[in-house]
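Colleague: coords-v7.cif is the file, holding mmCIF, C-alpha atoms:
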data_protein
#
loop_
_atom_site.group_PDB
_atom_site.id
_atom_site.type_symbol
_atom_site.label_atom_id
_atom_site.label_comp_id
_atom_site.auth_asym_id
_atom_site.auth_seq_id
_atom_site.Cartn_x
_atom_site.Cartn_y
_atom_site.Cartn_z
ATOM 1 C CA MET A 956 63.004 -14.677 -52.980
ATOM 2 C CA ILE A 957 59.468 -16.102 -53.150
ATOM 3 C CA PRO A 958 59.484 -18.804 -55.866
ATOM 4 C CA GLY A 959 57.527 -17.907 -58.985
ATOM 5 C CA THR A 960 56.802 -14.305 -57.942
ATOM 6 C CA GLY A 961 60.066 -12.443 -58.299
ATOM 7 C CA THR A 962 59.339 -10.841 -54.914
ATOM 8 C CA LYS A 963 62.114 -10.569 -52.385
ATOM 9 C CA LEU A 964 61.146 -11.782 -48.921
ATOM 10 C CA ILE A 965 62.570 -9.860 -45.967
ATOM 11 C CA VAL A 966 62.454 -11.622 -42.606
ATOM 12 C CA ARG A 967 62.028 -9.235 -39.697
ATOM 13 C CA ASP A 968 61.185 -9.622 -36.026
ATOM 14 C CA VAL A 969 57.606 -8.540 -35.215
ATOM 15 C CA LYS A 970 58.822 -6.586 -32.189
ATOM 16 C CA ASP A 971 61.227 -4.518 -34.296
ATOM 17 C CA GLU A 972 58.584 -3.853 -36.945
ATOM 18 C CA ILE A 973 56.014 -2.680 -34.372
ATOM 19 C CA GLU A 974 58.542 -0.403 -32.667
ATOM 20 C CA SER A 975 59.563 1.157 -35.973
ATOM 21 C CA ALA A 976 55.978 1.629 -37.182
ATOM 22 C CA PHE A 977 54.871 3.086 -33.854
ATOM 23 C CA LEU A 978 57.760 5.554 -33.844
ATOM 24 C CA ASP A 979 56.996 6.662 -37.399
ATOM 25 C CA TYR A 980 53.323 7.107 -36.525
ATOM 26 C CA SER A 981 54.149 8.995 -33.327
ATOM 27 C CA MET A 982 56.447 11.434 -35.094
ATOM 28 C CA SER A 983 53.874 11.972 -37.833
ATOM 29 C CA VAL A 984 51.184 12.856 -35.288
ATOM 30 C CA ILE A 985 53.516 15.079 -33.272
ATOM 31 C CA VAL A 986 54.913 17.044 -36.207
ATOM 32 C CA SER A 987 51.953 17.086 -38.586
ATOM 33 C CA ARG A 988 48.943 17.500 -36.365
ATOM 34 C CA ALA A 989 48.943 17.585 -32.593
ATOM 35 C CA LEU A 990 51.773 19.702 -31.177
ATOM 36 C CA PRO A 991 52.785 23.235 -32.204
ATOM 37 C CA ASP A 992 56.264 24.003 -33.496
ATOM 38 C CA VAL A 993 58.161 25.964 -30.858
ATOM 39 C CA ARG A 994 59.651 28.234 -33.555
ATOM 40 C CA ASP A 995 56.385 29.863 -34.633
ATOM 41 C CA GLY A 996 53.977 28.461 -32.045
ATOM 42 C CA LEU A 997 51.619 27.021 -34.664
ATOM 43 C CA LYS A 998 50.247 23.654 -35.662
ATOM 44 C CA PRO A 999 50.191 22.909 -39.413
ATOM 45 C CA VAL A 1000 46.476 23.688 -39.816
ATOM 46 C CA HIS A 1001 46.860 27.098 -38.117
ATOM 47 C CA ARG A 1002 49.931 27.906 -40.185
ATOM 48 C CA ARG A 1003 48.140 27.020 -43.389
ATOM 49 C CA ILE A 1004 45.070 29.075 -42.490
ATOM 50 C CA LEU A 1005 47.127 32.190 -41.766
ATOM 51 C CA TYR A 1006 49.336 31.808 -44.827
ATOM 52 C CA SER A 1007 46.376 31.159 -47.120
ATOM 53 C CA MET A 1008 44.549 34.242 -45.829
ATOM 54 C CA TYR A 1009 47.713 36.323 -46.226
ATOM 55 C CA GLU A 1010 48.155 35.102 -49.796
ATOM 56 C CA SER A 1011 44.509 36.009 -50.483
ATOM 57 C CA GLY A 1012 45.137 39.569 -49.276
ATOM 58 C CA LEU A 1013 42.938 39.298 -46.178
ATOM 59 C CA THR A 1014 45.061 41.619 -44.050
ATOM 60 C CA HIS A 1015 43.609 43.745 -41.255
ATOM 61 C CA ASP A 1016 43.206 46.784 -43.513
ATOM 62 C CA LYS A 1017 41.183 44.905 -46.158
ATOM 63 C CA PRO A 1018 37.452 44.037 -46.146
ATOM 64 C CA PHE A 1019 36.220 40.860 -44.466
ATOM 65 C CA LYS A 1020 35.610 37.751 -46.549
ATOM 66 C CA LYS A 1021 33.287 34.810 -45.890
ATOM 67 C CA SER A 1022 34.852 32.180 -43.659
ATOM 68 C CA ALA A 1023 33.666 29.510 -46.100
ATOM 69 C CA THR A 1024 35.915 31.064 -48.759
ATOM 70 C CA CYS A 1025 38.897 31.024 -46.390
ATOM 71 C CA VAL A 1026 38.254 27.381 -45.474
ATOM 72 C CA GLY A 1027 37.843 26.408 -49.138
ATOM 73 C CA ASP A 1028 41.143 28.047 -50.077
ATOM 74 C CA VAL A 1029 42.963 26.191 -47.297
ATOM 75 C CA LEU A 1030 41.438 22.840 -48.260
ATOM 76 C CA GLY A 1031 42.125 23.303 -51.954
ATOM 77 C CA ARG A 1032 45.718 24.465 -51.687
ATOM 78 C CA TYR A 1033 47.315 23.183 -48.498
ATOM 79 C CA HIS A 1034 45.230 21.040 -46.116
ATOM 80 C CA PRO A 1035 43.317 18.139 -47.717
ATOM 81 C CA HIS A 1036 41.263 17.225 -44.660
ATOM 82 C CA GLY A 1037 37.736 17.827 -43.390
ATOM 83 C CA ASP A 1038 36.286 21.327 -43.609
ATOM 84 C CA ALA A 1039 34.964 21.135 -40.027
ATOM 85 C CA SER A 1040 38.461 20.722 -38.575
ATOM 86 C CA VAL A 1041 39.761 23.711 -40.549
ATOM 87 C CA TYR A 1042 36.834 25.923 -39.572
ATOM 88 C CA ASP A 1043 37.125 24.919 -35.902
ATOM 89 C CA ALA A 1044 40.800 25.932 -35.987
ATOM 90 C CA LEU A 1045 39.940 29.233 -37.693
ATOM 91 C CA VAL A 1046 37.248 29.960 -35.099
ATOM 92 C CA ARG A 1047 39.638 29.379 -32.209
ATOM 93 C CA LEU A 1048 42.187 31.777 -33.704
ATOM 94 C CA ALA A 1049 39.479 34.478 -33.594
ATOM 95 C CA GLN A 1050 38.226 33.918 -30.023
ATOM 96 C CA ASP A 1051 39.553 36.485 -27.553
ATOM 97 C CA PHE A 1052 38.626 34.164 -24.657
ATOM 98 C CA SER A 1053 40.743 31.349 -26.139
ATOM 99 C CA MET A 1054 43.687 33.341 -27.524
ATOM 100 C CA ARG A 1055 45.503 36.033 -25.569
ATOM 101 C CA TYR A 1056 46.248 37.750 -28.875
ATOM 102 C CA PRO A 1057 43.754 36.578 -31.541
ATOM 103 C CA LEU A 1058 45.331 36.176 -34.962
ATOM 104 C CA ILE A 1059 42.055 36.355 -36.894
ATOM 105 C CA ASP A 1060 39.507 39.156 -36.759
ATOM 106 C CA GLY A 1061 36.121 37.464 -36.829
ATOM 107 C CA HIS A 1062 32.906 39.166 -37.902
ATOM 108 C CA GLY A 1063 29.733 37.418 -36.769
ATOM 109 C CA ASN A 1064 29.034 34.747 -34.156
ATOM 110 C CA PHE A 1065 32.306 33.038 -33.270
ATOM 111 C CA GLY A 1066 31.003 31.366 -30.103
ATOM 112 C CA SER A 1067 31.262 32.301 -26.441
ATOM 113 C CA ARG A 1068 33.115 31.176 -23.332
ATOM 114 C CA ASP A 1069 29.878 29.534 -22.149
ATOM 115 C CA GLY A 1070 30.392 26.781 -24.690
ATOM 116 C CA ASP A 1071 28.168 28.196 -27.419
ATOM 117 C CA GLY A 1072 29.410 27.126 -30.826
ATOM 118 C CA ALA A 1073 30.190 29.453 -33.699
ATOM 119 C CA ALA A 1074 27.725 30.041 -36.500
ATOM 120 C CA ALA A 1075 28.198 28.064 -39.703
ATOM 121 C CA MET A 1076 31.064 29.204 -41.909
ATOM 122 C CA ARG A 1077 28.658 30.533 -44.523
ATOM 123 C CA TYR A 1078 27.388 33.122 -42.015
ATOM 124 C CA THR A 1079 30.675 34.412 -40.563
ATOM 125 C CA GLU A 1080 33.461 36.514 -42.051
ATOM 126 C CA ALA A 1081 37.157 36.789 -41.260
ATOM 127 C CA ARG A 1082 40.407 38.597 -41.926
ATOM 128 C CA LEU A 1083 43.818 38.740 -40.230
ATOM 129 C CA THR A 1084 44.427 40.896 -37.168
ATOM 130 C CA PRO A 1085 47.231 43.478 -37.024
ATOM 131 C CA ILE A 1086 49.226 41.268 -34.642
ATOM 132 C CA ALA A 1087 49.245 38.492 -37.248
ATOM 133 C CA GLN A 1088 51.870 40.634 -39.005
ATOM 134 C CA LEU A 1089 54.308 39.415 -36.342
ATOM 135 C CA LEU A 1090 54.050 36.015 -37.986
ATOM 136 C CA LEU A 1091 53.709 36.891 -41.657
ATOM 137 C CA GLU A 1092 55.297 40.253 -42.413
ATOM 138 C CA GLU A 1093 58.704 38.928 -43.572
ATOM 139 C CA ILE A 1094 57.413 35.844 -45.404
ATOM 140 C CA GLY A 1095 58.673 37.035 -48.799
ATOM 141 C CA GLN A 1096 62.184 38.006 -47.703
ATOM 142 C CA GLY A 1097 63.839 34.590 -47.734
ATOM 143 C CA THR A 1098 63.420 34.172 -43.981
ATOM 144 C CA VAL A 1099 61.907 30.663 -44.075
ATOM 145 C CA GLU A 1100 62.077 27.576 -46.264
ATOM 146 C CA PHE A 1101 59.201 26.510 -48.493
ATOM 147 C CA GLN A 1102 58.042 23.025 -49.428
ATOM 148 C CA ASP A 1103 55.654 21.484 -51.953
ATOM 149 C CA ASN A 1104 52.037 21.241 -50.899
ATOM 150 C CA TYR A 1105 50.227 17.888 -50.786
ATOM 151 C CA ASP A 1106 49.879 17.570 -54.588
ATOM 152 C CA GLY A 1107 52.921 19.548 -55.689
ATOM 153 C CA SER A 1108 50.835 22.225 -57.406
ATOM 154 C CA THR A 1109 52.165 25.058 -55.248
ATOM 155 C CA GLN A 1110 54.414 25.680 -52.268
ATOM 156 C CA GLU A 1111 53.806 26.463 -48.616
ATOM 157 C CA PRO A 1112 56.144 27.661 -45.845
ATOM 158 C CA LYS A 1113 57.575 25.077 -43.472
ATOM 159 C CA LEU A 1114 57.351 27.741 -40.753
ATOM 160 C CA LEU A 1115 56.194 31.325 -40.490
ATOM 161 C CA PRO A 1116 58.876 33.986 -39.790
ATOM 162 C CA ALA A 1117 57.633 34.847 -36.304
ATOM 163 C CA ARG A 1118 59.343 37.997 -35.002
ATOM 164 C CA LEU A 1119 58.466 37.075 -31.408
ATOM 165 C CA PRO A 1120 58.062 33.684 -29.671
ATOM 166 C CA VAL A 1121 54.338 33.257 -30.348
ATOM 167 C CA THR A 1122 54.431 29.989 -28.395
ATOM 168 C CA LEU A 1123 54.676 32.105 -25.257
ATOM 169 C CA LEU A 1124 52.315 34.864 -26.408
ATOM 170 C CA ASN A 1125 49.282 32.682 -27.082
ATOM 171 C CA GLY A 1126 50.337 29.511 -25.328
ATOM 172 C CA ALA A 1127 49.624 26.082 -26.733
ATOM 173 C CA SER A 1128 47.888 22.833 -25.885
ATOM 174 C CA GLY A 1129 47.883 19.478 -27.577
ATOM 175 C CA ILE A 1130 47.956 15.737 -27.015
ATOM 176 C CA ALA A 1131 50.009 13.523 -29.293
ATOM 177 C CA VAL A 1132 51.183 9.911 -29.083
ATOM 178 C CA GLY A 1133 53.229 9.682 -25.908
ATOM 179 C CA LEU A 1134 53.634 13.459 -25.627
ATOM 180 C CA ALA A 1135 51.442 16.361 -24.540
ATOM 181 C CA THR A 1136 51.905 20.075 -24.013
ATOM 182 C CA GLU A 1137 50.123 22.786 -22.066
ATOM 183 C CA ILE A 1138 51.821 26.174 -22.314
ATOM 184 C CA PRO A 1139 50.092 29.249 -20.811
ATOM 185 C CA SER A 1140 49.880 32.592 -22.586
ATOM 186 C CA HIS A 1141 52.009 35.599 -21.606
ATOM 187 C CA ASN A 1142 52.064 39.375 -21.873
ATOM 188 C CA LEU A 1143 53.495 40.685 -25.158
ATOM 189 C CA ASN A 1144 55.605 43.460 -23.581
ATOM 190 C CA GLU A 1145 57.128 41.074 -21.048
ATOM 191 C CA VAL A 1146 57.896 38.455 -23.724
ATOM 192 C CA ALA A 1147 59.530 41.096 -25.947
ATOM 193 C CA GLN A 1148 61.639 42.411 -23.067
ATOM 194 C CA ALA A 1149 62.674 38.857 -22.122
ATOM 195 C CA ALA A 1150 63.656 38.102 -25.743
ATOM 196 C CA ILE A 1151 65.780 41.274 -25.917
ATOM 197 C CA ALA A 1152 67.437 40.423 -22.596
ATOM 198 C CA MET A 1153 68.249 36.888 -23.804
ATOM 199 C CA ILE A 1154 69.733 38.206 -27.050
ATOM 200 C CA ARG A 1155 71.929 40.684 -25.174
ATOM 201 C CA ASN A 1156 72.946 38.137 -22.558
ATOM 202 C CA PRO A 1157 72.540 34.487 -23.639
ATOM 203 C CA LYS A 1158 73.775 33.404 -20.186
ATOM 204 C CA LEU A 1159 70.906 35.178 -18.415
ATOM 205 C CA SER A 1160 70.065 33.310 -15.204
ATOM 206 C CA HIS A 1161 66.691 31.792 -14.456
ATOM 207 C CA ALA A 1162 66.069 34.283 -11.646
ATOM 208 C CA GLU A 1163 66.927 37.234 -13.887
ATOM 209 C CA LEU A 1164 64.586 35.939 -16.591
ATOM 210 C CA MET A 1165 61.754 35.419 -14.088
ATOM 211 C CA ALA A 1166 62.157 39.016 -12.956
ATOM 212 C CA ILE A 1167 61.316 40.112 -16.516
ATOM 213 C CA LEU A 1168 58.699 37.439 -17.240
ATOM 214 C CA PRO A 1169 57.133 36.694 -13.834
ATOM 215 C CA GLY A 1170 54.289 34.470 -14.990
ATOM 216 C CA PRO A 1171 51.362 33.891 -17.358
ATOM 217 C CA ASP A 1172 48.843 36.419 -18.616
ATOM 218 C CA PHE A 1173 45.630 34.571 -19.428
ATOM 219 C CA PRO A 1174 42.957 35.616 -21.953
ATOM 220 C CA GLY A 1175 39.975 37.018 -20.082
ATOM 221 C CA GLY A 1176 42.055 37.845 -17.017
ATOM 222 C CA GLY A 1177 41.873 36.084 -13.668
ATOM 223 C CA GLN A 1178 44.051 36.426 -10.581
ATOM 224 C CA ILE A 1179 46.948 33.979 -10.213
ATOM 225 C CA ILE A 1180 47.186 32.979 -6.539
ATOM 226 C CA THR A 1181 50.072 30.524 -6.867
ATOM 227 C CA ALA A 1182 53.085 31.790 -4.929
ATOM 228 C CA PRO A 1183 55.876 33.377 -7.047
ATOM 229 C CA HIS A 1184 58.506 30.886 -5.881
ATOM 230 C CA ILE A 1185 56.256 27.983 -6.961
ATOM 231 C CA ILE A 1186 55.728 29.603 -10.372
ATOM 232 C CA SER A 1187 59.494 29.960 -10.684
ATOM 233 C CA GLU A 1188 59.949 26.241 -9.960
ATOM 234 C CA ILE A 1189 57.264 25.335 -12.520
ATOM 235 C CA TYR A 1190 59.044 27.392 -15.180
ATOM 236 C CA LYS A 1191 62.374 25.866 -14.241
ATOM 237 C CA ASN A 1192 61.196 22.240 -14.337
ATOM 238 C CA GLY A 1193 58.489 22.482 -16.991
ATOM 239 C CA ARG A 1194 55.900 20.768 -14.807
ATOM 240 C CA GLY A 1195 53.270 21.909 -12.335
ATOM 241 C CA SER A 1196 49.887 23.582 -12.054
ATOM 242 C CA LEU A 1197 48.764 27.147 -11.479
ATOM 243 C CA LYS A 1198 45.805 28.260 -9.377
ATOM 244 C CA VAL A 1199 43.715 31.084 -10.797
ATOM 245 C CA ARG A 1200 40.638 32.694 -9.284
ATOM 246 C CA ALA A 1201 38.122 35.276 -10.438
ATOM 247 C CA ARG A 1202 38.441 38.993 -9.742
ATOM 248 C CA TRP A 1203 35.424 40.645 -8.171
ATOM 249 C CA LYS A 1204 34.329 43.738 -6.299
ATOM 250 C CA ILE A 1205 31.424 44.931 -4.170
ATOM 251 C CA GLU A 1206 29.170 47.661 -5.536
ATOM 252 C CA GLU A 1207 26.957 49.627 -3.145
ATOM 253 C CA LEU A 1208 23.320 50.029 -4.185
ATOM 254 C CA ALA A 1209 20.441 52.135 -2.932
ATOM 255 C CA ARG A 1210 18.793 51.527 0.474
ATOM 256 C CA GLY A 1211 21.798 49.735 1.929
ATOM 257 C CA GLN A 1212 21.868 46.987 -0.666
ATOM 258 C CA TRP A 1213 24.965 45.727 -2.427
ATOM 259 C CA GLN A 1214 25.999 43.351 -5.162
ATOM 260 C CA ALA A 1215 29.111 41.338 -5.967
ATOM 261 C CA VAL A 1216 30.376 42.022 -9.485
ATOM 262 C CA VAL A 1217 32.738 39.516 -11.109
ATOM 263 C CA THR A 1218 34.979 41.325 -13.587
ATOM 264 C CA GLU A 1219 37.361 38.520 -14.631
ATOM 265 C CA LEU A 1220 37.095 34.734 -14.727
ATOM 266 C CA PRO A 1221 39.860 32.096 -14.856
ATOM 267 C CA PRO A 1222 40.656 30.730 -18.333
ATOM 268 C CA GLY A 1223 38.222 28.154 -19.635
ATOM 269 C CA THR A 1224 35.590 28.993 -17.017
ATOM 270 C CA SER A 1225 32.001 29.283 -18.189
ATOM 271 C CA SER A 1226 30.145 32.293 -16.757
ATOM 272 C CA GLN A 1227 26.872 30.401 -17.176
ATOM 273 C CA LYS A 1228 28.223 27.494 -15.118
ATOM 274 C CA VAL A 1229 29.356 29.894 -12.381
ATOM 275 C CA LEU A 1230 25.883 31.471 -12.249
ATOM 276 C CA GLU A 1231 24.280 28.034 -11.990
ATOM 277 C CA GLU A 1232 26.551 27.057 -9.104
ATOM 278 C CA ILE A 1233 25.858 30.351 -7.286
ATOM 279 C CA GLU A 1234 22.129 29.763 -7.744
ATOM 280 C CA GLU A 1235 22.489 26.237 -6.373
ATOM 281 C CA ILE A 1236 24.279 27.530 -3.268
ATOM 282 C CA THR A 1237 22.042 30.535 -2.568
ATOM 283 C CA ASN A 1238 18.717 28.881 -3.469
ATOM 284 C CA PRO A 1239 19.187 25.130 -2.958
ATOM 285 C CA LYS A 1240 16.494 22.818 -4.261
ATOM 286 C CA VAL A 1241 15.574 19.336 -3.070
ATOM 287 C CA LYS A 1242 17.406 16.817 -5.251
ATOM 288 C CA ASN A 1243 15.571 14.185 -7.247
ATOM 289 C CA GLY A 1244 14.585 11.209 -5.101
ATOM 290 C CA LYS A 1245 15.012 13.154 -1.828
ATOM 291 C CA LYS A 1246 12.326 14.547 0.485
ATOM 292 C CA ALA A 1247 14.372 17.341 2.022
ATOM 293 C CA LEU A 1248 17.566 19.336 1.651
ATOM 294 C CA SER A 1249 20.773 17.500 2.520
ATOM 295 C CA PRO A 1250 22.912 18.736 5.481
ATOM 296 C CA GLU A 1251 25.518 19.996 2.968
ATOM 297 C CA GLN A 1252 22.872 22.100 1.197
ATOM 298 C CA ILE A 1253 21.549 23.521 4.488
ATOM 299 C CA ALA A 1254 25.077 24.415 5.637
#
Please express the file's structure as structure tokens.
Modeller:
Amino acid sequence: MIPGTGTKLIVRDVKDEIESAFLDYSMSVIVSRALPDVRDGLKPVHRRILYSMYESGLTHDKPFKKSATCVGDVLGRYHPHGDASVYDALVRLAQDFSMRYPLIDGHGNFGSRDGDGAAAMRYTEARLTPIAQLLLEEIGQGTVEFQDNYDGSTQEPKLLPARLPVTLLNGASGIAVGLATEIPSHNLNEVAQAAIAMIRNPKLSHAELMAILPGPDFPGGGQIITAPHIISEIYKNGRGSLKVRARWKIEELARGQWQAVVTELPPGTSSQKVLEEIEEITNPKVKNGKKALSPEQIA
């Protein structure tokens, strides 16, 4: 007890205090912000956006509503953070080049795979997509637990009652304190068949499961050139990298001419960047500070 204050003094080792505080902080970041929950494949901000839009009646068969309204509802009821972070999350849920199965139907400029940003939230509109029903359709049937929101004025679901493992459908990425995840997206039919097979036979072998779900299915396409046995090892161990290349074809033109047409690009690849690199290879220019082309450019 500190004399004259009535305050009890607790003596604790600095090392123990730092370890405890760091662990608490790490778990808070992991659970509340950075990594998706494997049960519904969503981070808290995504879950709150979808639930708020569902509560506002913005289903796929209803008219669009301004994105600013959606963001305001989320901030006011469930997510007391910056509006930019909420809108960025909403935009990503609507991008078909970011999500294999977009959960939000965006109307207006929601950016491009070339790195162009979305228009301001006052100019765009949004509503849920039909596939978002996989996450929300059974929300009122006692399927998930609810908790108080940040000020106790209403309640929000701890999870959404996903009817399929959305973590595999749309993949996930995130960096937390001491942990990170990078899960690729997969084909809906294959994921559904794999889930049914696992329910019917919980002891399904890894090889049998890989026969049903042979690998990722990326938004925007791309050809996976990693060997099947390497993909199987990656899925077994949870670590590794996949090689993906563009799909292209040759189109014959008049007078013996032809052109190469790229139909699919690997995920995260900017078409503008690819065009710039092709231009650099086919029409090299003398670099700044040089008097002539380098041997690498001539080759």
Colleague: Which value, in Å to one decimal, gives the distance between CA of Ser1249 in chain A and CA of Glu1231 in chain A?
Modeller: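 Value for the CA of Ser1249 in chain A-CA of Glu1231 in chain A distance: 18.3 Å.
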Colleague: For a quick check of understanding, using all atoms listed in the file, which of A:Ile985, A:Val966, A:Ile1186, A:Leu1143 has the smallest distance to His1161 in chain A?
Modeller: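 When distances to His1161 in chain A are compared using all atoms listed in the file, the smallest one comes from A:Ile1186.
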Colleague: Show me, as a PyMOL selection string, the residues that have an atom within 12 Å of Asn1144 in chain A when counting only C-alpha atoms, minus same-chain residues fewer than 6 positions from it.
Modeller: chain A and resi 1119-1120+1123-1124+1150-1151+1167-1169+1172
Colleague: For C-alpha atoms, I'd like the residues from the last selection saved as an mmCIF file, keeping the file's coordinate frame.
Modeller:
data_model
loop_
_atom_site.group_PDB
_atom_site.id
_atom_site.type_symbol
_atom_site.label_atom_id
_atom_site.label_comp_id
_atom_site.auth_asym_id
_atom_site.auth_seq_id
_atom_site.Cartn_x
_atom_site.Cartn_y
_atom_site.Cartn_z
ATOM 1 C CA LEU A 1119 58.466 37.075 -31.408
ATOM 2 C CA PRO A 1120 58.062 33.684 -29.671
ATOM 3 C CA LEU A 1123 54.676 32.105 -25.257
ATOM 4 C CA LEU A 1124 52.315 34.864 -26.408
ATOM 5 C CA ALA A 1150 63.656 38.102 -25.743
ATOM 6 C CA ILE A 1151 65.780 41.274 -25.917
ATOM 7 C CA ILE A 1167 61.316 40.112 -16.516
ATOM 8 C CA LEU A 1168 58.699 37.439 -17.240
ATOM 9 C CA PRO A 1169 57.133 36.694 -13.834
ATOM 10 C CA ASP A 1172 48.843 36.419 -18.616
#
Colleague: Quick check on the file I pasted: which residues fall under the PyMOL selection byres ((chain A and resi 1083-1090) around 9)? Write them as a ChimeraX atom specification.
Modeller: /A:995,1005,1008-1009,1013-1017,1019,1049,1056-1061,1081-1082,1091-1094,1115-1119,1121
Colleague: If we count only C-alpha atoms, what is near Arg1077 in chain A at a cut-off of 7 Å, once residues fewer than 2 positions away on the same chain are taken out, given as a PyMOL selection string?
Modeller: chain A and resi 1021-1023+1075+1079
Colleague: Take CA of His1062 in chain A and CA of Pro1112 in chain A and report the distance between them in Å, one decimal.
Modeller: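 Going from CA of His1062 in chain A over to CA of Pro1112 in chain A covers 27.1 Å.
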Colleague: Quick one: of A:Asp968, A:Val1132, A:Gly1095, A:Ala1074, who's nearest to Met982 in chain A, counting only C-alpha atoms?
Modeller: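 Closest to Met982 in chain A, using only C-alpha atoms: A:Val1132.
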Colleague: Pull out every residue that the PyMOL selection byres ((chain A and resi 1214-1224) around 10) matches in the shown coordinates and put them as a PyMOL selection string.
Modeller: chain A and resi 1052-1053+1068-1070+1139+1172-1179+1198-1208+1212-1213+1225-1229
Colleague: Could you state which residues are captured by the PyMOL selection byres ((chain A and resi 1102-1110) around 6) in this file, as a ChimeraX atom specification?
Modeller: /A:1033,1101,1111
Colleague: By how many Å are CA of Val1041 in chain A and CA of Arg994 in chain A apart?
Modeller: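 According to the coordinates, CA of Val1041 in chain A and CA of Arg994 in chain A are separated by 21.6 Å.
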Colleague: With only C-alpha atoms as the counted atoms, please give the residues lying no more than 12 Å from Arg1194 in chain A, apart from itself and same-chain residues fewer than 4 positions off, as JSON, numbers by chain.
Modeller: {"A": [1135, 1136, 1137, 1138, 1139, 1185, 1186, 1187, 1188, 1189, 1190]}
Colleague: Quick one: residues within 9 Å of Asp1028 in chain A, all atoms listed in the file, excluding same-chain residues fewer than 3 positions away - as a PyMOL selection string?
Modeller: chain A and resi 1004+1007-1008+1011+1023-1025+1031-1033
Colleague: Once 5 Å is added on each side, what centre and edge lengths in Å to one decimal does the axis-aligned box around all listed atoms of range 1109-1118 of chain A have, as lines of an AutoDock Vina configuration file?
Modeller:
center_x = 55.8
center_y = 31.5
center_z = -45.1
size_x = 17.2
size_y = 22.9
size_z = 30.2
Colleague: With only C-alpha atoms as the counted atoms, please give the residues lying no more than 9 Å from Pro991 in chain A, apart from itself and same-chain residues fewer than 5 positions off, as a ChimeraX atom specification.
Modeller: /A:985-986,996-999,1122,1127-1129,1136
Colleague: Between A:Glu1251, A:Gly1211, A:Leu1048, A:Gly1133, which is the closest to Ala989 in chain A once you count only C-alpha atoms?
Modeller: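 When distances to Ala989 in chain A are compared using only C-alpha atoms, the smallest one comes from A:Gly1133.
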Colleague: Using all atoms listed in the file, pick whichever of A:Ala1044, A:Ala1209, A:Pro1239, A:Glu1232 has the shortest atom-to-atom distance to His1001 in chain A.
Modeller: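 Under the stated criterion, the closest residue is A:Ala1044.
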Colleague: Which of these residues is nearest to Ser1140 in chain A, using all atoms listed in the file: A:Arg1210, A:Arg1055, A:Arg1155, A:Gly1063?
Modeller: A:Arg1055
